[in-house]
2 protein chains.
Amino acid sequence: MNEADMRRSLPIGVFDSGLGGLTVAREIMRNLPMEKIVYFGDTARVPYGNKSPKTVQRYSRQIVRFLKTQEIKAIVVACNTASALALDEIREEAGGLPVIGVVEPGARAACEETKRGRIGVIATRATIASHVYSNAIHAIRPELSVIGKACPLFVPLVEEGWTHDKITDEIILRYLDEVLEYDIDALILGCTHYPLLRSEIRRLIGDEIRLVNPAYETANELKRLLRSEALENDSPRMPGEPYPYRFFVSDDAERFAGFANSVLPVDVKSARIVPIEEY
Amino acid sequence: MNEADMRRSLPIGVFDSGLGGLTVAREIMRNLPMEKIVYFGDTARVPYGNKSPKTVQRYSRQIVRFLKTQEIKAIVVACNTASALALDEIREEAGGLPVIGVVEPGARAACEETKRGRIGVIATRATIASHVYSNAIHAIRPELSVIGKACPLFVPLVEEGWTHDKITDEIILRYLDEVLEYDIDALILGCTHYPLLRSEIRRLIGDEIRLVNPAYETANELKRLLRSEALENDSPRMPGEPYPYRFFVSDDAERFAGFANSVLPVDVKSARIVPIEEY
């Protein structure tokens with residue numbers, strides 16, 4: 001294998017503050033089935049959503065330093081909070097490696113989808129407070145209107161497994177009421193857990209509003225990037241060969257594996273614990 | 001001032017994984033109004049409820065090392081998870097300082113209150129999984145029956161401020177249904193946020209079941225301990241003198257102060273940030 005072939009065969013590093021980023025890994029698995037993935041979930045320090053920018057930046061740098069020990073070819077920041085607050089620091093720490101956050105692909109898709117120019121964003125408190133989606137949207141189309149709404153109960157509802165539930169329906173309606181009054185025609189699911197409530201949200205808000213899933217858009221963006229840099233892996237997995245996915249967490253590997261198996265199309269036997277504070 | 005007087009005038013160190021321990025600080029303020037308090041909330045690493053015992057033990061040791069720099073006379077572990085998983089490590093790190101966790105006082109009160117010998121415990125996933133309340137209860141009265149139920153949505157509901165809310169009522173009933181079927185006559189509010197749902201829980205489950213608030217019992221226990229060790233502060237606060245309470249957090253001091261002002265009987269102007277990982 002020459003050096004270019006070698007580089008193409010390296011895995012994608014994907015990281016998140018915890019479990020939610022698995023929805024991004026899932027879209028990469030679906031859209032780029034030949035790519036290897038190294039996933040890191042910072043389950044010891046989850047959630048990032050209520051932490052300060054400085055803390056999120058420090059944690060993100062540690063994770064990039066860990067991922068670089070795994071010989072990766074690109075980094076996907078699956079965490080909205082880290083994409084919102086730490087993308088510059090991550091790029092700096094990544095050296096020359098290409099880095100994609102989930103925010104920009106999501107913002108771009110919303111800009112393309114909206115007709116009336118009114119976009120809603122639902123996310124964690126920190127992502128909303130950072131205005132990162134409206135900033136990204138306005139960098140592309142300054143004339144658009146954006147309304148953000150923090151929905152802090154969605155993550156625990158998903159992790160509780162109450163996705164098909166009357167109570168969850170009520171909470172979705174409570175949170176979205178304000179956003180819908182704003183007469184939006186596109187809604188960004190700005191937290192990685194929220195795609196797991198996608199069908200409930202769709203049912204409750206009707207078909208008129210386009211739902212933007214940044215996880216899906218990020219996998220598309222990754223595909224374009226790998227193609228443009230001639231980094232796409234082109235050696236297919238042999239039948240019977242194990243799936244080339246490795247999972248690392250900073251804590252509670254067991255609960256991670258349980259959740260991963262409910263989200264991913266492949267069987268996750270285990271995750272390895274990384275002492276992330278040492279990186 | 002002689003050495004004994006000096007020691008009596010030192011503050012109580014109180015710590016929690018975040019905001020919830022303020023309900024314990026509140027009971028100490030009410031029950032021991034002459035005592036000074038140094039509160040530390042580990043807001044950068046909250047919640048502890050889904051972290052492994054080893055991680056919770058390491059975090060707790062760091063916090064004790066920080067509190068000891070503040071010249072305290074006793075330590076109150078206001079966090080149920082840390083009381084459940086790390087009390088031995090905290091005692092070791094505390095050297096000779098007296099240490100009180102919230103679990104034992106809560107367990108003892110439940111043992112005294114139950115008539116039919118059937119006790120319910122509601123708490124975070126980790127506290128329930130650790131069986132720490134049933135262990136503490138069985139150490140006192142091995143013949144009692146204990147049923148535990150994790151209620152992971154209660155903390156975000158309280159932090160969202162939805163305490164007087166139809167949705168919260170539904171979630172309380174959903175979680176408590178199973179516990180009530182067990183025909184309990186005492187219910188331990190085994191997470192520090194839960195006393196803030198006390199009146200809703202009382203209204204929904206009726207007057208027959210005794211609600212045990214470990215925060216209240218812990219303040220009582222602290223009073224007994226200080227008295228028995230001749231450690232009670234006996235110099236009253238002078239009129240006009242500021243309240244002798246200091247607050248430290250590991251992150252997001254602003255949000256902390258907002259929540260503190262909704263829970264405490266005194267005005268909290270600010271909290272100082274401590275780089276807790278350096279301890």
# chains A, B, ... in the order shown; residues from 1 in each chain; ligands from 1
>>> closest_atom_pairs(of="chain B", to="chain A", cutoff="8 Å", atoms="only C-alpha atoms", output="Markdown table")
| residue | atom | partner | partner_atom | distance |
| --- | --- | --- | --- | --- |
| B:Thr43 | CA | A:Lys51 | CA | 7.7 |
| B:Ala44 | CA | A:Lys51 | CA | 5.9 |
| B:Arg45 | CA | A:Arg45 | CA | 5.5 |
| B:Val46 | CA | A:Arg45 | CA | 7.5 |
| B:Pro47 | CA | A:Val46 | CA | 7.9 |
| B:Asn50 | CA | A:Asp252 | CA | 7.7 |
| B:Lys51 | CA | A:Ala44 | CA | 6.0 |
| B:Ser52 | CA | A:Asp252 | CA | 5.9 |
| B:Thr55 | CA | A:Ala44 | CA | 7.6 |
| B:Pro152 | CA | A:Pro156 | CA | 6.9 |
| B:Leu153 | CA | A:Pro156 | CA | 6.2 |
| B:Pro156 | CA | A:Leu153 | CA | 6.2 |
| B:Leu157 | CA | A:Leu153 | CA | 7.1 |
| B:Glu160 | CA | A:Pro152 | CA | 7.4 |
| B:Ile167 | CA | A:Ile167 | CA | 7.0 |
| B:Glu170 | CA | A:Ile167 | CA | 7.4 |
| B:Ile171 | CA | A:Ile167 | CA | 7.4 |
| B:Asp251 | CA | A:Ser52 | CA | 6.4 |
| B:Asp252 | CA | A:Ser52 | CA | 5.9 |
>>> calpha_fit_and_write(fixed="chain A", moving="chain B", output="CSV table (one decimal) with C-alpha atoms, in the first residue's frame")
chain,number,residue,atom,x,y,z
B,1,MET,CA,0.0,0.1,0.0
B,2,ASN,CA,1.4,3.5,-0.9
B,3,GLU,CA,1.0,6.5,1.4
B,4,ALA,CA,-2.1,7.9,-0.2
B,5,ASP,CA,-3.9,4.4,-0.1
B,6,MET,CA,-2.8,4.1,3.5
B,7,ARG,CA,-4.2,7.5,4.4
B,8,ARG,CA,-7.5,6.7,2.6
B,9,SER,CA,-7.9,3.6,4.7
B,10,LEU,CA,-7.7,5.4,8.0
B,11,PRO,CA,-10.8,5.9,10.2
B,12,ILE,CA,-12.9,9.0,10.7
B,13,GLY,CA,-12.7,10.3,14.3
B,14,VAL,CA,-16.2,11.2,15.6
B,15,PHE,CA,-16.7,12.7,19.0
B,16,ASP,CA,-19.5,13.9,21.2
B,17,SER,CA,-20.1,14.9,24.8
B,18,GLY,CA,-21.8,11.5,25.3
B,19,LEU,CA,-24.3,9.3,23.6
B,20,GLY,CA,-26.1,11.7,21.3
B,21,GLY,CA,-23.3,11.8,18.7
B,22,LEU,CA,-24.2,8.2,17.8
B,23,THR,CA,-27.0,9.7,15.6
B,24,VAL,CA,-24.1,11.3,13.6
B,25,ALA,CA,-22.1,8.1,13.5
B,26,ARG,CA,-25.3,6.3,12.3
B,27,GLU,CA,-25.6,8.7,9.3
B,28,ILE,CA,-22.0,8.2,8.4
B,29,MET,CA,-22.4,4.5,8.6
B,30,ARG,CA,-25.4,4.7,6.3
B,31,ASN,CA,-24.0,7.2,3.8
B,32,LEU,CA,-20.3,6.1,3.8
B,33,PRO,CA,-20.5,2.4,4.5
B,34,MET,CA,-16.8,1.8,3.5
B,35,GLU,CA,-15.5,4.2,6.1
B,36,LYS,CA,-14.0,3.2,9.4
B,37,ILE,CA,-15.0,5.1,12.5
B,38,VAL,CA,-13.4,5.8,15.9
B,39,TYR,CA,-16.1,7.2,18.2
B,40,PHE,CA,-15.3,8.9,21.5
B,41,GLY,CA,-18.2,9.8,23.9
B,42,ASP,CA,-17.3,11.9,26.9
B,43,THR,CA,-19.7,10.2,29.1
B,44,ALA,CA,-17.8,11.1,32.3
B,45,ARG,CA,-18.3,14.8,31.7
B,46,VAL,CA,-21.7,14.8,29.8
B,47,PRO,CA,-23.5,17.1,29.3
B,48,TYR,CA,-21.5,19.9,27.7
B,49,GLY,CA,-24.8,21.9,27.3
B,50,ASN,CA,-24.6,23.7,30.6
B,51,LYS,CA,-20.8,24.2,30.7
B,52,SER,CA,-18.9,27.4,30.0
B,53,PRO,CA,-17.1,28.0,26.6
B,54,LYS,CA,-13.7,27.7,28.3
B,55,THR,CA,-14.5,24.3,29.8
B,56,VAL,CA,-16.0,23.0,26.5
B,57,GLN,CA,-12.8,24.2,24.7
B,58,ARG,CA,-10.5,22.5,27.1
B,59,TYR,CA,-12.5,19.2,27.0
B,60,SER,CA,-12.6,19.3,23.2
B,61,ARG,CA,-8.8,19.8,22.9
B,62,GLN,CA,-8.2,16.8,25.2
B,63,ILE,CA,-10.5,14.6,23.0
B,64,VAL,CA,-8.7,15.7,19.8
B,65,ARG,CA,-5.4,14.8,21.4
B,66,PHE,CA,-6.8,11.4,22.2
B,67,LEU,CA,-8.3,10.9,18.7
B,68,LYS,CA,-5.0,11.8,17.1
B,69,THR,CA,-3.4,8.8,18.9
B,70,GLN,CA,-5.8,6.6,16.9
B,71,GLU,CA,-4.4,7.6,13.5
B,72,ILE,CA,-7.5,9.2,11.9
B,73,LYS,CA,-7.8,11.0,8.6
B,74,ALA,CA,-10.6,13.5,9.6
B,75,ILE,CA,-12.5,14.7,12.6
B,76,VAL,CA,-16.3,15.1,12.9
B,77,VAL,CA,-17.5,17.1,15.9
B,78,ALA,CA,-20.8,15.5,16.5
B,79,CYS,CA,-21.5,17.6,19.5
B,80,ASN,CA,-23.5,20.8,18.8
B,81,THR,CA,-22.2,22.5,21.9
B,82,ALA,CA,-18.5,21.8,21.0
B,83,SER,CA,-19.2,22.8,17.4
B,84,ALA,CA,-20.8,25.9,18.7
B,85,LEU,CA,-18.2,26.9,21.3
B,86,ALA,CA,-14.9,25.2,20.3
B,87,LEU,CA,-14.5,24.7,16.6
B,88,ASP,CA,-11.5,27.0,16.3
B,89,GLU,CA,-9.7,25.3,19.2
B,90,ILE,CA,-10.5,21.9,17.7
B,91,ARG,CA,-9.0,23.0,14.3
B,92,GLU,CA,-5.9,24.3,16.0
B,93,GLU,CA,-5.4,21.1,18.0
B,94,ALA,CA,-6.1,19.0,14.9
B,95,GLY,CA,-3.1,20.3,13.1
B,96,GLY,CA,-3.7,19.7,9.4
B,97,LEU,CA,-6.6,17.2,9.7
B,98,PRO,CA,-9.9,18.2,8.2
B,99,VAL,CA,-12.5,19.1,10.8
B,100,ILE,CA,-16.3,19.2,10.3
B,101,GLY,CA,-18.8,20.4,12.9
B,102,VAL,CA,-22.5,19.6,12.8
B,103,VAL,CA,-23.6,23.3,12.9
B,104,GLU,CA,-22.6,24.6,9.5
B,105,PRO,CA,-24.0,21.7,7.4
B,106,GLY,CA,-27.3,22.0,9.4
B,107,ALA,CA,-27.4,25.8,8.9
B,108,ARG,CA,-26.6,25.5,5.2
B,109,ALA,CA,-29.4,22.9,4.6
B,110,ALA,CA,-31.9,25.2,6.5
B,111,CYS,CA,-30.9,28.1,4.3
B,112,GLU,CA,-31.6,26.0,1.2
B,113,GLU,CA,-34.9,24.6,2.4
B,114,THR,CA,-36.7,27.7,3.7
B,115,LYS,CA,-39.1,29.4,1.3
B,116,ARG,CA,-40.5,32.1,3.5
B,117,GLY,CA,-37.2,32.8,5.2
B,118,ARG,CA,-38.2,31.9,8.8
B,119,ILE,CA,-36.2,29.2,10.5
B,120,GLY,CA,-36.6,27.6,13.9
B,121,VAL,CA,-33.7,26.1,15.9
B,122,ILE,CA,-34.2,23.8,18.9
B,123,ALA,CA,-31.2,22.8,21.0
B,124,THR,CA,-29.6,22.7,24.4
B,125,ARG,CA,-29.4,25.9,26.5
B,126,ALA,CA,-25.8,26.5,25.6
B,127,THR,CA,-26.2,26.0,21.9
B,128,ILE,CA,-29.2,28.5,21.9
B,129,ALA,CA,-27.4,31.0,24.1
B,130,SER,CA,-24.3,30.9,21.8
B,131,HIS,CA,-26.5,31.9,18.8
B,132,VAL,CA,-24.2,29.7,16.7
B,133,TYR,CA,-27.0,28.5,14.4
B,134,SER,CA,-28.3,32.0,13.7
B,135,ASN,CA,-24.8,33.2,13.2
B,136,ALA,CA,-24.0,30.4,10.7
B,137,ILE,CA,-27.3,31.1,8.9
B,138,HIS,CA,-26.8,34.8,8.7
B,139,ALA,CA,-23.3,34.3,7.4
B,140,ILE,CA,-24.9,32.6,4.4
B,141,ARG,CA,-28.2,34.5,4.1
B,142,PRO,CA,-28.3,37.6,6.3
B,143,GLU,CA,-31.9,38.4,5.4
B,144,LEU,CA,-33.4,35.3,7.1
B,145,SER,CA,-35.2,35.3,10.4
B,146,VAL,CA,-34.2,32.7,13.1
B,147,ILE,CA,-35.9,31.8,16.3
B,148,GLY,CA,-34.1,29.6,18.8
B,149,LYS,CA,-35.7,27.6,21.7
B,150,ALA,CA,-33.8,25.6,24.3
B,151,CYS,CA,-35.5,22.2,25.1
B,152,PRO,CA,-33.5,20.8,28.1
B,153,LEU,CA,-36.0,18.0,28.7
B,154,PHE,CA,-35.6,16.3,25.3
B,155,VAL,CA,-32.3,14.6,26.1
B,156,PRO,CA,-33.4,13.0,29.4
B,157,LEU,CA,-36.7,12.0,27.7
B,158,VAL,CA,-34.8,10.2,24.9
B,159,GLU,CA,-32.4,8.6,27.4
B,160,GLU,CA,-35.4,7.4,29.4
B,161,GLY,CA,-36.7,5.7,26.3
B,162,TRP,CA,-40.0,7.7,26.4
B,163,THR,CA,-39.8,8.5,22.7
B,164,HIS,CA,-43.3,7.2,21.8
B,165,ASP,CA,-45.2,8.7,24.8
B,166,LYS,CA,-48.1,11.0,25.6
B,167,ILE,CA,-45.9,12.9,28.1
B,168,THR,CA,-43.2,13.5,25.5
B,169,ASP,CA,-45.9,14.7,23.0
B,170,GLU,CA,-47.0,17.3,25.6
B,171,ILE,CA,-43.5,18.4,26.2
B,172,ILE,CA,-42.7,18.7,22.5
B,173,LEU,CA,-45.9,20.8,22.0
B,174,ARG,CA,-45.0,23.0,25.0
B,175,TYR,CA,-41.5,23.7,23.7
B,176,LEU,CA,-42.5,24.1,20.1
B,177,ASP,CA,-45.6,26.3,20.6
B,178,GLU,CA,-43.6,29.4,20.8
B,179,VAL,CA,-41.5,28.4,17.7
B,180,LEU,CA,-44.5,27.6,15.7
B,181,GLU,CA,-46.2,30.9,16.4
B,182,TYR,CA,-43.2,32.4,14.7
B,183,ASP,CA,-44.6,30.9,11.4
B,184,ILE,CA,-41.4,29.0,10.5
B,185,ASP,CA,-41.1,26.8,7.5
B,186,ALA,CA,-37.8,25.0,8.5
B,187,LEU,CA,-36.8,23.6,11.9
B,188,ILE,CA,-33.3,22.6,12.8
B,189,LEU,CA,-32.9,19.7,15.2
B,190,GLY,CA,-29.9,21.3,16.8
B,191,CYS,CA,-29.0,18.7,19.4
B,192,THR,CA,-27.8,15.2,18.5
B,193,HIS,CA,-30.4,13.4,20.6
B,194,TYR,CA,-33.3,15.2,18.8
B,195,PRO,CA,-33.3,13.1,15.6
B,196,LEU,CA,-34.5,10.3,17.9
B,197,LEU,CA,-37.7,12.4,18.4
B,198,ARG,CA,-38.0,13.2,14.7
B,199,SER,CA,-41.1,11.1,13.9
B,200,GLU,CA,-43.0,12.5,17.0
B,201,ILE,CA,-42.0,16.1,16.1
B,202,ARG,CA,-43.1,15.4,12.5
B,203,ARG,CA,-46.5,14.0,13.6
B,204,LEU,CA,-47.1,16.9,16.0
B,205,ILE,CA,-46.1,19.8,13.7
B,206,GLY,CA,-47.5,18.5,10.4
B,207,ASP,CA,-45.9,18.2,7.0
B,208,GLU,CA,-45.5,21.8,6.1
B,209,ILE,CA,-42.4,22.5,8.0
B,210,ARG,CA,-39.1,21.0,6.7
B,211,LEU,CA,-37.2,19.2,9.5
B,212,VAL,CA,-33.4,19.7,9.2
B,213,ASN,CA,-31.3,16.9,10.7
B,214,PRO,CA,-27.7,18.2,11.0
B,215,ALA,CA,-26.5,14.6,11.5
B,216,TYR,CA,-27.7,13.7,8.0
B,217,GLU,CA,-26.3,16.9,6.5
B,218,THR,CA,-22.9,16.4,8.2
B,219,ALA,CA,-22.5,12.9,6.8
B,220,ASN,CA,-23.3,14.4,3.3
B,221,GLU,CA,-20.7,17.2,3.9
B,222,LEU,CA,-18.1,14.6,5.1
B,223,LYS,CA,-18.7,12.6,1.8
B,224,ARG,CA,-18.1,15.8,-0.3
B,225,LEU,CA,-15.0,16.6,1.8
B,226,LEU,CA,-13.4,13.1,1.5
B,227,ARG,CA,-14.2,13.1,-2.2
B,228,SER,CA,-12.6,16.5,-2.8
B,229,GLU,CA,-9.5,15.6,-0.9
B,230,ALA,CA,-9.3,12.1,-2.4
B,231,LEU,CA,-9.6,10.7,1.0
B,232,GLU,CA,-12.6,8.3,0.4
B,233,ASN,CA,-11.8,4.7,1.5
B,234,ASP,CA,-12.1,2.4,-1.5
B,235,SER,CA,-11.4,-1.0,-0.1
B,236,PRO,CA,-14.7,-2.6,0.7
B,237,ARG,CA,-15.3,-4.6,3.8
B,238,MET,CA,-14.9,-8.4,3.1
B,239,PRO,CA,-18.0,-10.5,3.8
B,240,GLY,CA,-17.7,-11.8,7.4
B,241,GLU,CA,-15.1,-9.2,8.3
B,242,PRO,CA,-16.1,-7.3,11.5
B,243,TYR,CA,-17.5,-3.8,11.2
B,244,PRO,CA,-14.6,-1.4,11.4
B,245,TYR,CA,-16.1,0.7,14.2
B,246,ARG,CA,-14.3,1.3,17.5
B,247,PHE,CA,-16.0,3.0,20.5
B,248,PHE,CA,-14.3,4.8,23.4
B,249,VAL,CA,-15.9,6.5,26.3
B,250,SER,CA,-14.7,8.3,29.4
B,251,ASP,CA,-17.1,6.4,31.8
B,252,ASP,CA,-19.9,3.9,32.1
B,253,ALA,CA,-19.1,1.8,29.0
B,254,GLU,CA,-22.0,-0.6,29.8
B,255,ARG,CA,-24.7,2.0,29.6
B,256,PHE,CA,-23.1,3.4,26.4
B,257,ALA,CA,-23.2,0.0,24.7
B,258,GLY,CA,-26.9,-0.4,25.6
B,259,PHE,CA,-27.8,3.0,24.1
B,260,ALA,CA,-25.5,2.4,21.0
B,261,ASN,CA,-27.4,-0.8,20.2
B,262,SER,CA,-30.7,1.0,20.3
B,263,VAL,CA,-29.4,3.7,17.8
B,264,LEU,CA,-26.9,2.1,15.5
B,265,PRO,CA,-27.5,-0.4,12.6
B,266,VAL,CA,-24.6,-2.6,13.9
B,267,ASP,CA,-24.1,-4.6,17.1
B,268,VAL,CA,-21.9,-2.8,19.7
B,269,LYS,CA,-20.4,-5.3,22.0
B,270,SER,CA,-18.4,-3.0,24.2
B,271,ALA,CA,-16.7,0.4,24.5
B,272,ARG,CA,-13.3,1.0,25.9
B,273,ILE,CA,-12.7,3.5,28.8
B,274,VAL,CA,-10.2,6.3,28.1
B,275,PRO,CA,-8.8,8.4,31.0
B,276,ILE,CA,-9.6,11.5,29.0
B,277,GLU,CA,-8.3,14.0,31.6
B,278,GLU,CA,-4.8,12.7,31.0
B,279,TYR,CA,-4.8,13.9,27.4
>>> select_by_dssp(residues="stretch 7-252 of chain B", states="strand (DSSP E)", output="number ranges by chain")
B: 12-16, 37-41, 74-77, 99-101, 118-123, 145-150, 186-189, 210-212, 245-249
>>> select_by_dssp(residues="stretch 86-176 of chain A", states="alpha helix (DSSP H)", output="ChimeraX atom specification")
/A:87-94,103-113,125-130,132-140,154-159,166-176
>>> write_last_selection(atoms="N, CA and C atoms", output="compact mmCIF listing (two decimals), in the first residue's frame")
# COMPACT_ATOMS: atom_id res chain seq x y z
N LEU A 87 -14.94 25.18 17.88
CA LEU A 87 -14.47 24.71 16.58
C LEU A 87 -13.07 25.24 16.24
N ASP A 88 -12.79 26.49 16.57
CA ASP A 88 -11.46 27.06 16.29
C ASP A 88 -10.38 26.30 17.07
N GLU A 89 -10.64 26.05 18.35
CA GLU A 89 -9.68 25.34 19.19
C GLU A 89 -9.46 23.92 18.68
N ILE A 90 -10.53 23.29 18.22
CA ILE A 90 -10.43 21.92 17.70
C ILE A 90 -9.58 21.91 16.43
N ARG A 91 -9.81 22.87 15.53
CA ARG A 91 -9.03 22.96 14.29
C ARG A 91 -7.56 23.16 14.62
N GLU A 92 -7.28 24.06 15.57
CA GLU A 92 -5.90 24.33 15.97
C GLU A 92 -5.24 23.05 16.48
N GLU A 93 -5.95 22.34 17.36
CA GLU A 93 -5.41 21.13 17.98
C GLU A 93 -5.26 20.01 16.95
N ALA A 94 -6.13 20.02 15.93
CA ALA A 94 -6.14 18.95 14.93
C ALA A 94 -4.96 19.04 13.96
N VAL A 103 -22.77 22.07 12.99
CA VAL A 103 -23.58 23.29 12.91
C VAL A 103 -23.67 23.82 11.48
N GLU A 104 -22.53 23.95 10.82
CA GLU A 104 -22.55 24.58 9.51
C GLU A 104 -23.36 23.79 8.48
N PRO A 105 -23.17 22.46 8.39
CA PRO A 105 -24.00 21.71 7.44
C PRO A 105 -25.49 21.86 7.73
N GLY A 106 -25.85 21.87 9.02
CA GLY A 106 -27.26 22.06 9.39
C GLY A 106 -27.77 23.43 8.98
N ALA A 107 -26.96 24.46 9.25
CA ALA A 107 -27.37 25.82 8.91
C ALA A 107 -27.53 25.96 7.39
N ARG A 108 -26.58 25.39 6.64
CA ARG A 108 -26.64 25.52 5.18
C ARG A 108 -27.90 24.85 4.62
N ALA A 109 -28.21 23.65 5.13
CA ALA A 109 -29.40 22.95 4.66
C ALA A 109 -30.65 23.76 4.94
N ALA A 110 -30.73 24.36 6.12
CA ALA A 110 -31.91 25.17 6.47
C ALA A 110 -32.05 26.35 5.52
N CYS A 111 -30.92 26.98 5.19
CA CYS A 111 -30.94 28.11 4.25
C CYS A 111 -31.45 27.69 2.89
N GLU A 112 -31.11 26.48 2.49
CA GLU A 112 -31.55 26.00 1.18
C GLU A 112 -33.03 25.61 1.18
N GLU A 113 -33.50 25.13 2.32
CA GLU A 113 -34.87 24.58 2.39
C GLU A 113 -35.94 25.64 2.61
N ARG A 125 -29.59 24.52 26.08
CA ARG A 125 -29.46 25.91 26.54
C ARG A 125 -28.20 26.58 25.98
N ALA A 126 -27.06 25.86 26.06
CA ALA A 126 -25.79 26.47 25.66
C ALA A 126 -25.77 26.77 24.17
N THR A 127 -26.27 25.83 23.36
CA THR A 127 -26.26 26.04 21.91
C THR A 127 -27.14 27.23 21.55
N ILE A 128 -28.32 27.32 22.15
CA ILE A 128 -29.20 28.46 21.88
C ILE A 128 -28.54 29.76 22.34
N ALA A 129 -27.99 29.73 23.57
CA ALA A 129 -27.40 30.96 24.11
C ALA A 129 -26.20 31.43 23.28
N SER A 130 -25.54 30.49 22.62
CA SER A 130 -24.36 30.85 21.82
C SER A 130 -24.75 31.48 20.48
N VAL A 132 -25.14 30.16 17.79
CA VAL A 132 -24.25 29.67 16.76
C VAL A 132 -25.01 29.35 15.47
N TYR A 133 -26.24 28.80 15.60
CA TYR A 133 -26.99 28.50 14.37
C TYR A 133 -27.41 29.77 13.66
N SER A 134 -27.91 30.77 14.43
CA SER A 134 -28.33 31.99 13.72
C SER A 134 -27.11 32.69 13.12
N ASN A 135 -25.97 32.67 13.82
CA ASN A 135 -24.75 33.25 13.22
C ASN A 135 -24.38 32.54 11.91
N ALA A 136 -24.43 31.20 11.95
CA ALA A 136 -24.05 30.44 10.75
C ALA A 136 -25.04 30.69 9.60
N ILE A 137 -26.33 30.79 9.96
CA ILE A 137 -27.35 31.06 8.94
C ILE A 137 -27.14 32.46 8.35
N HIS A 138 -26.91 33.43 9.22
CA HIS A 138 -26.76 34.80 8.73
C HIS A 138 -25.48 35.02 7.95
N ALA A 139 -24.47 34.19 8.19
CA ALA A 139 -23.26 34.27 7.39
C ALA A 139 -23.55 33.87 5.94
N ILE A 140 -24.56 33.01 5.75
CA ILE A 140 -24.92 32.57 4.40
C ILE A 140 -26.02 33.47 3.82
N PHE A 154 -35.64 17.33 26.41
CA PHE A 154 -35.64 16.33 25.34
C PHE A 154 -34.57 15.24 25.55
N VAL A 155 -33.36 15.65 25.97
CA VAL A 155 -32.30 14.64 26.14
C VAL A 155 -32.67 13.60 27.20
N PRO A 156 -33.06 14.03 28.42
CA PRO A 156 -33.45 12.99 29.39
C PRO A 156 -34.66 12.17 28.95
N LEU A 157 -35.59 12.75 28.20
CA LEU A 157 -36.74 11.96 27.71
C LEU A 157 -36.26 10.86 26.77
N VAL A 158 -35.34 11.22 25.86
CA VAL A 158 -34.81 10.22 24.92
C VAL A 158 -34.03 9.15 25.69
N GLU A 159 -33.21 9.59 26.64
CA GLU A 159 -32.39 8.62 27.36
C GLU A 159 -33.24 7.73 28.28
N LYS A 166 -47.14 9.83 25.40
CA LYS A 166 -48.05 10.97 25.54
C LYS A 166 -47.37 12.15 26.25
N ILE A 167 -46.61 11.83 27.29
CA ILE A 167 -45.93 12.89 28.06
C ILE A 167 -44.93 13.62 27.16
N THR A 168 -44.18 12.85 26.38
CA THR A 168 -43.22 13.46 25.46
C THR A 168 -43.93 14.33 24.43
N ASP A 169 -45.07 13.85 23.93
CA ASP A 169 -45.86 14.66 22.99
C ASP A 169 -46.20 16.01 23.62
N GLU A 170 -46.66 15.99 24.86
CA GLU A 170 -47.04 17.24 25.54
C GLU A 170 -45.85 18.18 25.68
N ILE A 171 -44.70 17.59 26.03
CA ILE A 171 -43.50 18.43 26.23
C ILE A 171 -43.03 19.00 24.89
N ILE A 172 -43.09 18.18 23.83
CA ILE A 172 -42.73 18.68 22.50
C ILE A 172 -43.63 19.87 22.13
N LEU A 173 -44.94 19.71 22.34
CA LEU A 173 -45.87 20.79 22.00
C LEU A 173 -45.60 22.04 22.84
N ARG A 174 -45.33 21.84 24.13
CA ARG A 174 -45.04 22.98 25.01
C ARG A 174 -43.84 23.76 24.49
N TYR A 175 -42.77 23.04 24.16
CA TYR A 175 -41.56 23.73 23.70
C TYR A 175 -41.76 24.36 22.32
N LEU A 176 -42.47 23.63 21.45
CA LEU A 176 -42.53 24.09 20.06
C LEU A 176 -43.59 25.17 19.82
